[in-house]
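Asks: Dropping in input_11.cif, which is mmCIF, C-alpha atoms:
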data_data
#
loop_
_atom_site.label_atom_id
_atom_site.label_comp_id
_atom_site.auth_asym_id
_atom_site.auth_seq_id
_atom_site.Cartn_x
_atom_site.Cartn_y
_atom_site.Cartn_z
CA MET A 1 13.43 -21.86 20.49
CA PRO A 2 14.54 -25.46 19.88
CA ASN A 3 18.26 -26.07 19.42
CA HIS A 4 17.60 -28.54 16.60
CA PRO A 5 14.99 -28.62 13.81
CA PRO A 6 11.64 -29.85 15.15
CA GLN A 7 10.38 -33.00 13.44
CA ASN A 8 6.87 -32.95 14.91
CA LEU A 9 4.83 -29.75 14.62
CA THR A 10 1.31 -28.69 15.50
CA VAL A 11 -0.21 -26.11 13.15
CA ALA A 12 -3.53 -24.40 13.83
CA ALA A 13 -5.60 -22.00 11.76
CA THR A 14 -8.25 -19.74 13.26
CA GLY A 15 -10.81 -17.28 11.97
CA ALA A 16 -8.63 -14.30 11.12
CA SER A 17 -7.96 -13.10 7.59
CA GLY A 18 -4.76 -14.36 6.03
CA ALA A 19 -5.46 -17.91 4.84
CA ILE A 20 -2.86 -17.50 2.10
CA PHE A 21 -0.15 -17.38 4.79
CA LEU A 22 -1.39 -20.70 6.18
CA LYS A 23 -1.35 -22.19 2.69
CA HIS A 24 2.29 -21.33 2.06
CA PHE A 25 3.31 -22.35 5.57
CA LEU A 26 1.84 -25.83 5.04
CA ILE A 27 3.42 -26.11 1.58
CA ALA A 28 6.84 -25.30 3.06
CA LEU A 29 6.38 -27.89 5.81
CA GLU A 30 5.23 -30.50 3.31
CA ASP A 31 8.37 -29.93 1.24
CA ASP A 32 10.80 -29.84 4.19
CA GLU A 33 12.31 -33.29 4.68
CA ARG A 34 13.39 -32.43 8.23
CA VAL A 35 9.75 -32.32 9.33
CA GLN A 36 8.19 -35.76 9.77
CA THR A 37 4.74 -35.05 11.26
CA VAL A 38 2.35 -32.10 11.17
CA ASN A 39 -0.88 -32.21 13.15
CA PHE A 40 -3.18 -29.63 11.57
CA ILE A 41 -6.22 -28.16 13.34
CA ALA A 42 -8.65 -25.68 11.78
CA SER A 43 -11.42 -23.95 13.69
CA ASP A 44 -14.88 -23.62 12.13
CA SER A 45 -14.24 -19.92 11.60
CA ALA A 46 -10.94 -20.71 9.87
CA LEU A 47 -12.72 -23.05 7.47
CA ARG A 48 -15.09 -20.25 6.49
CA VAL A 49 -12.24 -17.79 5.95
CA MET A 50 -10.32 -20.34 3.88
CA ALA A 51 -13.35 -20.95 1.69
CA GLU A 52 -13.79 -17.22 1.07
CA GLU A 53 -10.14 -16.22 0.63
CA LEU A 54 -8.79 -19.30 -1.16
CA ASP A 55 -11.97 -20.35 -2.97
CA LEU A 56 -11.84 -23.83 -1.46
CA LYS A 57 -14.62 -26.21 -2.45
CA GLY A 58 -16.06 -27.77 0.68
CA ARG A 59 -14.20 -29.37 3.58
CA SER A 60 -13.29 -32.67 1.96
CA ASP A 61 -9.65 -33.07 0.95
CA LEU A 62 -8.89 -29.84 2.81
CA VAL A 63 -5.16 -30.50 3.12
CA ALA A 64 -4.93 -31.49 -0.54
CA GLN A 65 -6.75 -28.29 -1.53
CA LEU A 66 -4.43 -26.15 0.59
CA LEU A 67 -1.40 -27.83 -0.94
CA GLY A 68 -2.79 -27.39 -4.45
CA ARG A 69 -3.10 -31.13 -4.94
CA ALA A 70 -6.85 -31.56 -4.96
CA PRO A 71 -8.15 -33.71 -7.82
CA SER A 72 -10.16 -32.04 -10.56
CA GLY A 73 -13.90 -32.46 -10.77
CA GLY A 74 -14.41 -32.32 -7.01
CA LYS A 75 -13.88 -36.06 -6.61
CA SER A 76 -12.15 -37.32 -3.50
CA SER A 77 -8.76 -38.97 -3.91
CA ARG A 78 -6.68 -40.40 -1.11
CA THR A 79 -3.55 -40.16 -3.21
CA SER A 80 -3.87 -36.36 -3.34
CA ALA A 81 -3.59 -35.90 0.41
CA SER A 82 -0.39 -35.52 2.40
CA ASN A 83 1.13 -38.42 4.32
CA LYS A 84 2.81 -35.91 6.61
CA ILE A 85 0.01 -33.47 7.42
CA GLN A 86 -2.72 -35.07 9.52
CA MET A 87 -6.05 -33.30 10.14
CA GLN A 88 -7.36 -33.09 13.70
CA SER A 89 -10.84 -32.02 14.74
CA ASN A 90 -10.94 -28.91 16.88
CA ALA A 91 -13.73 -30.54 18.88
CA ASP A 92 -11.58 -33.59 19.72
CA ILE A 93 -10.22 -32.58 23.10
CA GLY A 94 -8.78 -36.09 23.48
CA ALA A 95 -6.57 -35.93 20.38
CA ASN A 96 -2.86 -36.70 20.62
CA VAL A 97 -1.74 -33.04 20.79
CA ALA A 98 -3.99 -32.48 23.83
CA SER A 99 -1.51 -34.39 25.99
CA GLY A 100 1.88 -33.29 27.22
CA SER A 101 3.11 -36.85 26.75
CA TYR A 102 2.75 -36.50 22.98
CA PRO A 103 6.11 -35.36 21.54
CA ALA A 104 5.05 -32.26 19.64
CA ALA A 105 8.17 -30.11 19.42
CA ALA A 106 6.48 -26.78 18.64
CA MET A 107 3.15 -25.19 17.71
CA VAL A 108 2.25 -22.39 15.32
CA VAL A 109 -1.14 -20.67 15.07
CA ILE A 110 -1.34 -19.03 11.64
CA PRO A 111 -3.35 -16.90 11.34
CA CYS A 112 -4.23 -16.35 15.00
CA SER A 113 -7.42 -14.42 15.67
CA VAL A 114 -7.58 -12.13 18.68
CA GLY A 115 -10.35 -14.36 20.04
CA THR A 116 -8.01 -17.36 19.98
CA LEU A 117 -5.26 -15.19 21.45
CA ALA A 118 -7.59 -14.22 24.30
CA ARG A 119 -8.50 -17.83 25.08
CA ILE A 120 -4.86 -18.95 25.03
CA ALA A 121 -3.73 -15.99 27.16
CA ASN A 122 -6.40 -16.69 29.75
CA GLY A 123 -6.17 -20.48 29.89
CA ASP A 124 -9.55 -21.24 28.26
CA ALA A 125 -8.77 -24.64 26.76
CA SER A 126 -12.24 -25.90 25.84
CA GLN A 127 -11.26 -26.62 22.20
CA LEU A 128 -8.31 -28.56 20.83
CA ILE A 129 -6.46 -25.52 19.44
CA GLU A 130 -6.40 -23.76 22.80
CA ARG A 131 -5.67 -27.00 24.65
CA ALA A 132 -2.70 -27.79 22.40
CA ALA A 133 -1.42 -24.25 22.93
CA ASP A 134 -1.87 -24.64 26.68
CA VAL A 135 0.14 -27.88 26.54
CA SER A 136 2.91 -26.11 24.65
CA LEU A 137 3.11 -23.46 27.35
CA LYS A 138 3.02 -25.84 30.29
CA GLU A 139 5.64 -28.10 28.70
CA LYS A 140 7.75 -25.01 27.81
CA ARG A 141 7.70 -25.80 24.11
CA PRO A 142 7.79 -23.09 21.43
CA LEU A 143 4.38 -21.57 20.73
CA VAL A 144 4.22 -19.03 17.90
CA LEU A 145 1.08 -16.91 17.54
CA CYS A 146 0.79 -15.14 14.19
CA VAL A 147 -1.75 -12.60 15.37
CA ARG A 148 -3.72 -10.79 12.70
CA GLU A 149 -5.81 -7.75 13.69
CA THR A 150 -5.74 -3.99 13.24
CA PRO A 151 -6.13 -1.60 14.92
CA LEU A 152 -5.35 -3.16 18.28
CA ASN A 153 -7.31 -2.20 21.35
CA LYS A 154 -6.03 -2.41 24.92
CA ILE A 155 -7.60 -5.85 25.45
CA HIS A 156 -5.66 -7.25 22.47
CA ILE A 157 -2.41 -5.70 23.70
CA ARG A 158 -2.92 -6.99 27.24
CA ASN A 159 -3.62 -10.48 25.91
CA MET A 160 -0.50 -10.40 23.76
CA PHE A 161 1.50 -9.44 26.84
CA ARG A 162 -0.11 -12.24 28.88
CA ALA A 163 0.61 -14.85 26.21
CA ALA A 164 4.19 -13.62 25.78
CA ASP A 165 4.69 -13.54 29.55
CA ALA A 166 3.56 -17.18 29.68
CA GLY A 167 6.14 -18.16 27.07
CA ALA A 168 4.52 -17.65 23.68
CA THR A 169 6.15 -15.76 20.82
CA ILE A 170 3.93 -13.07 19.34
CA PHE A 171 4.75 -13.09 15.63
CA PRO A 172 2.29 -10.62 14.05
CA LEU A 173 1.15 -11.44 10.57
CA ILE A 174 3.06 -8.52 9.02
CA PRO A 175 4.87 -9.31 5.77
CA ALA A 176 8.11 -7.69 4.62
CA TYR A 177 8.38 -5.47 1.56
CA TYR A 178 12.09 -4.65 1.22
CA TYR A 179 12.74 -7.62 -1.09
CA GLN A 180 10.16 -6.23 -3.57
CA PRO A 181 7.61 -9.07 -3.65
CA ALA A 182 5.76 -9.35 -6.95
CA SER A 183 2.58 -10.99 -5.65
CA LEU A 184 0.56 -11.95 -2.59
CA ASP A 185 2.02 -15.43 -2.91
CA ASP A 186 5.52 -13.98 -2.66
CA LEU A 187 4.52 -12.06 0.48
CA ALA A 188 2.96 -15.10 2.13
CA ARG A 189 5.77 -17.45 1.15
CA GLU A 190 8.49 -15.21 2.55
CA PHE A 191 6.59 -14.65 5.78
CA SER A 192 6.25 -18.41 6.18
CA TYR A 193 10.00 -18.75 5.73
CA ARG A 194 10.55 -16.21 8.50
CA VAL A 195 8.37 -18.19 10.89
CA LEU A 196 10.16 -21.43 10.00
CA ALA A 197 13.57 -19.84 10.51
CA HIS A 198 12.38 -18.79 13.97
CA LEU A 199 11.75 -22.49 14.66
CA ASP A 200 15.25 -23.50 13.49
CA LEU A 201 13.89 -24.60 10.11
CA PRO A 202 15.55 -22.07 7.77
CA GLN A 203 14.56 -22.40 4.13
CA PRO A 204 17.22 -22.18 1.40
CA GLN A 205 14.92 -20.12 -0.83
CA ALA A 206 14.38 -17.41 1.80
CA PHE A 207 15.50 -13.85 1.10
CA ARG A 208 18.46 -12.72 3.18
CA TRP A 209 19.35 -9.07 3.55
CA LYS A 210 22.96 -8.42 2.52
CA GLY A 211 23.13 -4.73 3.35
#
Can you present the structure in this file as structure tokens?
Replies:
Amino acid sequence: MPNHPPQNLTVAATGASGAIFLKHFLIALEDDERVQTVNFIASDSALRVMAEELDLKGRSDLVAQLLGRAPSGGKSSRTSASNKIQMQSNADIGANVASGSYPAAAMVVIPCSVGTLARIANGDASQLIERAADVSLKEKRPLVLCVRETPLNKIHIRNMFRAADAGATIFPLIPAYYYQPASLDDLAREFSYRVLAHLDLPQPQAFRWKG
């Protein structure tokens, strides 16, 4: 993990259930003044899951919708979007995060489908998400994969081992319960804080076990 808070992060969402975890992760990054740039990539499957789980209305103003800043009435508004979180097309293999010369400090895939896990673990970098992950591994930068699937078969387990052996951190999308969360939002928010703490971005609101 980095020895100082990363200012430039790549965040990807893929087609596994758990869009609420992505939502709270992006909100935390948006509010964290230590983070200057977030390049956000969503696969087509992720967009479908987000629409179903978060009741998003179309793909316009996606970041604003995820942050809860979308204008009412479905009208587009540039002022509602984030200046920090920049959308990237998963089909754009020539985007900035596709190059090792671009100074992305770390990458998080949340949620990470087992299909995306398989492509990352086996070096299939035909889309931007997998290419950016491949760059993170080859440049020895932190890569956190919030894998979401159950039950796991042997292929999934082997691919998790391969990704971890290549340098990724497998951070399963498993929330904590010992702090007695009152809602799904509480669960997702606290999990996001755990991921950020892993990247040397601890959040002051996070629960800390005192024994």
Asks: Pick the closest to Pro111 in chain A from A:Gln7, A:Thr14, A:Gln180, A:Ser192: which is it, counting only C-alpha atoms?
Replies: A:Thr14
Asks: So which residues are close to (0.5, -14.6, 14.4), meaning at most 6 Å away in the file's coordinates with all atoms listed in the file counted, and can you show them as a count of residues only?
Replies: 10
Asks: Could you give me, as a list in words, the residues within 12 Å of Glu190 in chain A, counting only C-alpha atoms and dropping anything in the same chain fewer than 5 positions from it?
Replies: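 Returned residues: Ile20, Phe21, Leu22, His24, Phe25, Ala28, Leu173, Ile174, Pro175, Ala176, Tyr177, Tyr178, Tyr179, Gln180, Pro181, Ala182, Ser183, Leu184, Asp185, Val195, Leu196, Ala197, Pro202, Gln203, Pro204, Gln205, Ala206, Phe207 and Arg208 of chain A.
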Asks: Taking the file as shown, what set of residues would the PyMOL selection byres ((chain A and resi 29-44) around 7) give back, as number ranges by chain?
Replies: A: 5-15, 25-28, 45-48, 84-90, 129
Asks: Evaluate the PyMOL selection byres ((chain A and resi 118-125) around 9) and record the selected residues as a list in words, following the chain and residue labels used in the document.
Replies: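 Selected by the PyMOL selection byres ((chain A and resi 118-125) around 9) in this file: Ile93, Ser113, Val114, Gly115, Thr116, Leu117, Ser126, Gln127, Leu128, Ile129, Glu130, Arg131, Ala132, Ala133, Asp134, Ile155, His156, Asn159, Met160, Phe161, Arg162, Ala163, Ala164 and Ala166 of chain A.
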Asks: Store the residues picked out above in a file with C-alpha atoms, as a compact mmCIF listing (two decimals), in the coordinates of the input.
Replies:
# COMPACT_ATOMS: atom_id res chain seq x y z
CA ILE A 93 -10.22 -32.58 23.10
CA SER A 113 -7.42 -14.42 15.67
CA VAL A 114 -7.58 -12.13 18.68
CA GLY A 115 -10.35 -14.36 20.04
CA THR A 116 -8.01 -17.36 19.98
CA LEU A 117 -5.26 -15.19 21.45
CA SER A 126 -12.24 -25.90 25.84
CA GLN A 127 -11.26 -26.62 22.20
CA LEU A 128 -8.31 -28.56 20.83
CA ILE A 129 -6.46 -25.52 19.44
CA GLU A 130 -6.40 -23.76 22.80
CA ARG A 131 -5.67 -27.00 24.65
CA ALA A 132 -2.70 -27.79 22.40
CA ALA A 133 -1.42 -24.25 22.93
CA ASP A 134 -1.87 -24.64 26.68
CA ILE A 155 -7.60 -5.85 25.45
CA HIS A 156 -5.66 -7.25 22.47
CA ASN A 159 -3.62 -10.48 25.91
CA MET A 160 -0.50 -10.40 23.76
CA PHE A 161 1.50 -9.44 26.84
CA ARG A 162 -0.11 -12.24 28.88
CA ALA A 163 0.61 -14.85 26.21
CA ALA A 164 4.19 -13.62 25.78
CA ALA A 166 3.56 -17.18 29.68
Asks: In Å to one decimal, how far is CA of Leu67 in chain A from CA of Leu54 in chain A?
Replies: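 These atoms are spaced 11.3 Å apart.
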Asks: Of the candidates A:Ala188, A:Asp55, A:Leu66, A:Leu199, which one gets nearest to Met107 in chain A if we count only C-alpha atoms?
Replies: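 Using only C-alpha atoms, the shortest distance to Met107 in chain A belongs to A:Leu199.
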Asks: Need the shell around Val144 in chain A: protein/DNA/RNA residues with any atom at most 6 Å away, counting all atoms listed in the file. Skip same-chain ones fewer than 2 positions apart. Format as a ChimeraX atom specification?
Replies: /A:108,168-169
Asks: Based on the selection just made, write C-alpha atoms of those residues as a compact mmCIF listing (two decimals), in the coordinates of the input.
Replies:
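New file again08.txt:
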# COMPACT_ATOMS: atom_id res chain seq x y z
CA VAL A 108 2.25 -22.39 15.32
CA ALA A 168 4.52 -17.65 23.68
CA THR A 169 6.15 -15.76 20.82
Asks: Which residue, A:Lys210, A:Arg189, A:Arg194, A:Arg158, has the smallest gap to Lys23 in chain A when you use all atoms listed in the file?
Replies: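 Checking each of A:Lys210, A:Arg189, A:Arg194, A:Arg158 against Lys23 in chain A, counting all atoms listed in the file, the winner is A:Arg189.
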Asks: Mind giving me the straight-line distance from CA of Ser101 in chain A to CA of Glu139 in chain A in Å, one decimal?
Replies: 9.3 Å
Asks: CA of Ser17 in chain A and CA of Ile170 in chain A are how many Å apart?
Replies: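 These atoms are spaced 16.7 Å apart.
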Asks: Give as a list in words each residue that has an atom at most 9 Å from (-1.2, -33.4, 22.7) in the file, counting all atoms listed in the file.
Replies: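 Final list of nearby residues, as requested, is Thr10, Gly94, Ala95, Asn96, Val97, Ala98, Ser99, Gly100, Ser101, Tyr102, Pro103, Ala104, Leu128, Arg131, Ala132, Val135 and Ser136 of chain A.
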Asks: Keeping C-alpha atoms, export the residues of the selection given above as a PDB file, in the coordinates of the input.
Replies:
ATOM      1  CA  THR A  10       1.310 -28.690  15.500  1.00  0.00           C
ATOM      2  CA  GLY A  94      -8.780 -36.090  23.480  1.00  0.00           C
ATOM      3  CA  ALA A  95      -6.570 -35.930  20.380  1.00  0.00           C
ATOM      4  CA  ASN A  96      -2.860 -36.700  20.620  1.00  0.00           C
ATOM      5  CA  VAL A  97      -1.740 -33.040  20.790  1.00  0.00           C
ATOM      6  CA  ALA A  98      -3.990 -32.480  23.830  1.00  0.00           C
ATOM      7  CA  SER A  99      -1.510 -34.390  25.990  1.00  0.00           C
ATOM      8  CA  GLY A 100       1.880 -33.290  27.220  1.00  0.00           C
ATOM      9  CA  SER A 101       3.110 -36.850  26.750  1.00  0.00           C
ATOM     10  CA  TYR A 102       2.750 -36.500  22.980  1.00  0.00           C
ATOM     11  CA  PRO A 103       6.110 -35.360  21.540  1.00  0.00           C
ATOM     12  CA  ALA A 104       5.050 -32.260  19.640  1.00  0.00           C
ATOM     13  CA  LEU A 128      -8.310 -28.560  20.830  1.00  0.00           C
ATOM     14  CA  ARG A 131      -5.670 -27.000  24.650  1.00  0.00           C
ATOM     15  CA  ALA A 132      -2.700 -27.790  22.400  1.00  0.00           C
ATOM     16  CA  VAL A 135       0.140 -27.880  26.540  1.00  0.00           C
ATOM     17  CA  SER A 136       2.910 -26.110  24.650  1.00  0.00           C
TER      18      SER A 136
END
Asks: Please export range 167-186 of chain A as a PDB file, in the first residue's frame, restricted to C-alpha atoms.
Replies:
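Just written: part-v2.pdb:
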ATOM      1  CA  GLY A 167       0.008  -8.104  -6.664  1.00  0.00           C
ATOM      2  CA  ALA A 168      -3.694  -7.327  -6.313  1.00  0.00           C
ATOM      3  CA  THR A 169      -5.509  -7.138  -2.996  1.00  0.00           C
ATOM      4  CA  ILE A 170      -8.649  -9.261  -2.871  1.00  0.00           C
ATOM      5  CA  PHE A 171     -11.069  -7.271  -0.725  1.00  0.00           C
ATOM      6  CA  PRO A 172     -14.354  -9.224  -0.854  1.00  0.00           C
ATOM      7  CA  LEU A 173     -17.492  -7.166  -0.718  1.00  0.00           C
ATOM      8  CA  ILE A 174     -18.405  -8.394   2.774  1.00  0.00           C
ATOM      9  CA  PRO A 175     -19.703  -5.726   5.155  1.00  0.00           C
ATOM     10  CA  ALA A 176     -19.208  -5.718   8.920  1.00  0.00           C
ATOM     11  CA  TYR A 177     -22.041  -6.058  11.418  1.00  0.00           C
ATOM     12  CA  TYR A 178     -20.428  -5.639  14.846  1.00  0.00           C
ATOM     13  CA  TYR A 179     -21.053  -1.878  14.908  1.00  0.00           C
ATOM     14  CA  GLN A 180     -24.817  -2.523  14.545  1.00  0.00           C
ATOM     15  CA  PRO A 181     -25.559  -0.739  11.247  1.00  0.00           C
ATOM     16  CA  ALA A 182     -29.095   0.604  11.014  1.00  0.00           C
ATOM     17  CA  SER A 183     -29.440   0.553   7.222  1.00  0.00           C
ATOM     18  CA  LEU A 184     -27.939  -0.610   3.941  1.00  0.00           C
ATOM     19  CA  ASP A 185     -26.420   2.839   3.585  1.00  0.00           C
ATOM     20  CA  ASP A 186     -24.639   2.391   6.915  1.00  0.00           C
TER      21      ASP A 186
END
